[in-house]
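Here is the file input-v8.cif (mmCIF, C-alpha atoms).
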data_upload
#
loop_
_atom_site.group_PDB
_atom_site.id
_atom_site.type_symbol
_atom_site.label_atom_id
_atom_site.label_comp_id
_atom_site.auth_asym_id
_atom_site.auth_seq_id
_atom_site.Cartn_x
_atom_site.Cartn_y
_atom_site.Cartn_z
ATOM 1 C CA VAL Z 21 -9.269 2.605 -12.258
ATOM 2 C CA GLN Z 22 -7.458 5.640 -10.903
ATOM 3 C CA LEU Z 23 -5.002 5.268 -8.069
ATOM 4 C CA GLN Z 24 -3.468 8.120 -6.118
ATOM 5 C CA ALA Z 25 -1.014 7.308 -3.350
ATOM 6 C CA SER Z 26 0.396 9.893 -0.969
ATOM 7 C CA GLY Z 27 1.946 10.301 2.458
ATOM 8 C CA GLY Z 28 5.495 9.210 1.816
ATOM 9 C CA GLY Z 29 8.538 11.078 3.002
ATOM 10 C CA LEU Z 30 11.851 10.939 4.786
ATOM 11 C CA VAL Z 31 11.814 9.303 8.191
ATOM 12 C CA GLN Z 32 14.408 8.068 10.631
ATOM 13 C CA PRO Z 33 14.690 4.406 11.548
ATOM 14 C CA GLY Z 34 12.093 3.562 14.147
ATOM 15 C CA GLY Z 35 9.764 6.253 12.899
ATOM 16 C CA SER Z 36 6.258 6.035 11.498
ATOM 17 C CA LEU Z 37 4.400 7.077 8.386
ATOM 18 C CA ARG Z 38 0.843 6.765 7.202
ATOM 19 C CA LEU Z 39 0.244 6.282 3.502
ATOM 20 C CA THR Z 40 -3.065 7.037 1.835
ATOM 21 C CA CYS Z 41 -4.397 5.817 -1.482
ATOM 22 C CA ILE Z 42 -7.542 7.165 -3.081
ATOM 23 C CA VAL Z 43 -9.110 4.771 -5.530
ATOM 24 C CA SER Z 44 -11.775 5.703 -8.010
ATOM 25 C CA GLY Z 45 -13.267 4.485 -11.257
ATOM 26 C CA ASP Z 46 -14.743 1.156 -12.177
ATOM 27 C CA ILE Z 47 -13.847 -0.894 -9.119
ATOM 28 C CA ALA Z 48 -17.016 -2.874 -8.597
ATOM 29 C CA ASP Z 49 -15.310 -6.128 -9.556
ATOM 30 C CA ILE Z 50 -12.257 -5.616 -7.342
ATOM 31 C CA PHE Z 51 -12.567 -7.384 -4.016
ATOM 32 C CA SER Z 52 -9.065 -7.000 -2.629
ATOM 33 C CA TRP Z 53 -6.467 -4.286 -2.668
ATOM 34 C CA GLY Z 54 -2.784 -4.326 -1.997
ATOM 35 C CA TRP Z 55 0.031 -2.086 -0.997
ATOM 36 C CA TYR Z 56 3.149 -2.805 -3.030
ATOM 37 C CA ARG Z 57 6.715 -1.647 -2.653
ATOM 38 C CA GLN Z 58 9.391 -1.274 -5.277
ATOM 39 C CA THR Z 59 12.954 -0.918 -4.154
ATOM 40 C CA HIS Z 60 15.655 0.260 -6.511
ATOM 41 C CA GLY Z 61 16.805 -2.606 -8.658
ATOM 42 C CA LYS Z 62 14.131 -5.013 -7.483
ATOM 43 C CA GLU Z 63 10.745 -6.075 -8.690
ATOM 44 C CA ARG Z 64 7.647 -4.642 -7.131
ATOM 45 C CA GLU Z 65 6.511 -6.770 -4.216
ATOM 46 C CA LEU Z 66 3.348 -7.058 -2.213
ATOM 47 C CA VAL Z 67 3.592 -5.654 1.299
ATOM 48 C CA ALA Z 68 0.044 -6.108 2.538
ATOM 49 C CA ARG Z 69 -3.392 -6.720 1.132
ATOM 50 C CA ILE Z 70 -6.902 -6.207 2.346
ATOM 51 C CA HIS Z 71 -10.266 -7.516 1.312
ATOM 52 C CA ARG Z 72 -13.149 -5.089 1.047
ATOM 53 C CA SER Z 73 -14.527 -6.762 4.174
ATOM 54 C CA GLY Z 74 -11.518 -5.486 6.096
ATOM 55 C CA ASN Z 75 -9.617 -8.749 6.428
ATOM 56 C CA ALA Z 76 -5.930 -8.037 5.975
ATOM 57 C CA VAL Z 77 -2.881 -10.158 5.217
ATOM 58 C CA TYR Z 78 0.716 -9.038 5.682
ATOM 59 C CA GLU Z 79 3.870 -10.195 3.967
ATOM 60 C CA GLY Z 80 7.258 -10.779 5.506
ATOM 61 C CA SER Z 81 8.644 -7.968 7.590
ATOM 62 C CA ALA Z 82 5.392 -6.012 7.437
ATOM 63 C CA LYS Z 83 3.859 -8.359 9.962
ATOM 64 C CA GLY Z 84 3.533 -6.710 13.332
ATOM 65 C CA ARG Z 85 4.683 -3.326 12.079
ATOM 66 C CA PHE Z 86 2.251 -2.308 9.346
ATOM 67 C CA THR Z 87 -1.508 -1.971 9.447
ATOM 68 C CA VAL Z 88 -3.646 -1.715 6.327
ATOM 69 C CA THR Z 89 -7.183 -0.415 6.493
ATOM 70 C CA ILE Z 90 -9.880 0.417 3.997
ATOM 71 C CA SER Z 91 -12.592 3.015 3.947
ATOM 72 C CA ARG Z 92 -15.440 2.977 1.460
ATOM 73 C CA ASP Z 93 -18.241 5.290 0.536
ATOM 74 C CA ASN Z 94 -20.430 5.476 -2.499
ATOM 75 C CA ALA Z 95 -18.007 7.543 -4.477
ATOM 76 C CA LYS Z 96 -14.597 6.190 -3.642
ATOM 77 C CA THR Z 97 -12.440 3.767 -1.765
ATOM 78 C CA THR Z 98 -9.529 4.899 0.368
ATOM 79 C CA LEU Z 99 -6.726 2.654 1.511
ATOM 80 C CA TYR Z 100 -4.358 3.391 4.345
ATOM 81 C CA LEU Z 101 -1.060 1.870 5.319
ATOM 82 C CA GLN Z 102 0.134 2.737 8.799
ATOM 83 C CA MET Z 103 3.810 1.917 9.060
ATOM 84 C CA ARG Z 104 5.622 1.779 12.401
ATOM 85 C CA SER Z 105 9.130 0.879 13.499
ATOM 86 C CA LEU Z 106 10.410 1.679 10.044
ATOM 87 C CA GLU Z 107 13.663 0.111 8.952
ATOM 88 C CA PHE Z 108 16.177 0.975 6.253
ATOM 89 C CA GLU Z 109 14.833 -1.939 4.215
ATOM 90 C CA ASP Z 110 11.395 -0.311 4.072
ATOM 91 C CA THR Z 111 12.760 2.335 1.748
ATOM 92 C CA GLY Z 112 11.113 2.324 -1.642
ATOM 93 C CA ALA Z 113 8.270 3.560 -3.773
ATOM 94 C CA TYR Z 114 4.902 2.441 -2.437
ATOM 95 C CA TYR Z 115 1.921 1.827 -4.651
ATOM 96 C CA CYS Z 116 -1.615 0.706 -4.129
ATOM 97 C CA ASN Z 117 -3.414 -1.455 -6.630
ATOM 98 C CA ALA Z 118 -5.859 -4.275 -7.004
ATOM 99 C CA TRP Z 119 -4.856 -7.712 -5.800
ATOM 100 C CA PRO Z 120 -4.116 -10.311 -7.130
ATOM 101 C CA ILE Z 121 -4.328 -8.776 -10.580
ATOM 102 C CA PRO Z 122 -3.118 -5.181 -10.545
ATOM 103 C CA ARG Z 123 -4.555 -2.636 -12.929
ATOM 104 C CA ASP Z 124 -2.513 0.132 -14.517
ATOM 105 C CA TRP Z 125 -0.077 1.435 -11.944
ATOM 106 C CA GLY Z 126 -0.664 4.897 -10.623
ATOM 107 C CA LYS Z 127 1.927 7.236 -9.242
ATOM 108 C CA GLY Z 128 3.476 5.823 -6.103
ATOM 109 C CA THR Z 129 4.731 7.612 -3.060
ATOM 110 C CA GLN Z 130 8.373 7.488 -1.995
ATOM 111 C CA VAL Z 131 9.322 6.359 1.485
ATOM 112 C CA THR Z 132 12.913 6.886 2.518
ATOM 113 C CA VAL Z 133 14.162 5.581 5.834
ATOM 114 C CA SER Z 134 17.466 7.169 6.670
ATOM 115 C CA SER Z 135 19.367 8.497 9.637
#
Could you write out this structure as structure tokens?
Amino acid sequence: VQLQASGGGLVQPGGSLRLTCIVSGDIADIFSWGWYRQTHGKERELVARIHRSGNAVYEGSAKGRFTVTISRDNAKTTLYLQMRSLEFEDTGAYYCNAWPIPRDWGKGTQVTVSS
């Protein structure tokens, strides 16, 4: 499974970002995907997850602020994470991966919330 996340950047508190993850490879047996965040000095944590049907579940502070969506075609799956009302605590490296059992981690995308 190949995972390519993008869309991170520097944003002020209260701002928005949209992350994109392109997934390819042998994913036929993966039913749910997650967006994970790793903050310096902490373990990687799940932020939101989505089933291939489109049903999404959000963790903690992501509720009400983040929206995860999924797009599928024959060749690839694309995940999106729309983040609004960003807070300092949202800073971190964001990754997409299978849920609940992640595959090899791809290269994440850095989100920095700073004034």
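Between Ser134 in chain Z and the residues Z:Ile42, Z:Leu101, Z:Leu30, Z:Ile47, the shortest atom-to-atom distance, using only C-alpha atoms, involves Z:Leu30.
Between Tyr114 in chain Z and the candidates Z:Val77, Z:Leu23, Z:Leu39, Z:Leu99, the tightest atom-to-atom separation, counting all atoms listed in the file, involves Z:Leu39.
Taking CA of His71 in chain Z as the reference point, CA of Phe51 in chain Z is found at 5.8 Å.
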**Message:** If the PyMOL selection byres ((chain Z and resi 64) around 12) were run on this exact file, what residues would it hold? Put them as a VMD selection string.
**Reply:** chain Z and resid 54 to 63 65 to 67 112 to 117 122 125 128
**Message:** I'd like the contact shell of Ser26 in chain Z - 7 Å cut-off, only C-alpha atoms, skipping same-chain residues fewer than 6 positions apart - returned as an NGL selection string.
**Reply:** :Z and (39-41 or 129)
**Message:** Ranking Z:Gln22, Z:Gln32, Z:Ser105, Z:Asn94 by minimum distance to Arg123 in chain Z and counting all atoms listed in the file, which one comes first?
**Reply:** Z:Gln22
**Request:** Name the residues captured by the PyMOL selection byres ((chain Z and resi 35) around 8) when it is applied to the shown file; answer as a PyMOL selection string.
**Result:** chain Z and resi 31-34+36-37+104-106
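Nearest to Phe86 in chain Z of all the residues Z:Arg38, Z:Ile121, Z:Trp53, Z:Thr98 is Z:Arg38, counting only C-alpha atoms.
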**Asked** Any idea what's packed within 9 Å of Asp46 in chain Z, counting all atoms listed in the file, ignoring anything in its chain fewer than 3 positions away? Could you give it as a ChimeraX atom specification?
**Response** /Z:21-22,49-50
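In this structure, CA of Phe108 in chain Z sits 5.0 Å away from CA of Val133 in chain Z.
From CA of Ser91 in chain Z back to CA of Gly74 in chain Z, the distance works out to 8.8 Å.
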Carefully work through the PyMOL selection byres ((chain Z and resi 78) around 7) for this structure and note down the residues it includes, as a short mmCIF file (atom, residue, chain, number, x, y, z; two decimals) with C-alpha atoms, keeping the file's coordinate frame.
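Below is the file that was written, part-v9.cif:
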data_model
loop_
_atom_site.label_atom_id
_atom_site.label_comp_id
_atom_site.auth_asym_id
_atom_site.auth_seq_id
_atom_site.Cartn_x
_atom_site.Cartn_y
_atom_site.Cartn_z
CA VAL Z 67 3.59 -5.65 1.30
CA ALA Z 68 0.04 -6.11 2.54
CA ARG Z 69 -3.39 -6.72 1.13
CA ALA Z 76 -5.93 -8.04 5.98
CA VAL Z 77 -2.88 -10.16 5.22
CA GLU Z 79 3.87 -10.20 3.97
CA GLY Z 80 7.26 -10.78 5.51
CA ALA Z 82 5.39 -6.01 7.44
CA LYS Z 83 3.86 -8.36 9.96
#
**Asked** Pick the closest to Thr89 in chain Z from Z:Arg72, Z:Ala48, Z:Gln24, Z:Glu107: which is it, counting all atoms listed in the file?
**Response** Z:Arg72
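Each of Z:Gln102, Z:Ile70, Z:Thr111, Z:Ser52 was checked against Ser135 in chain Z using all atoms listed in the file; the smallest atom-to-atom distance is that of Z:Thr111.
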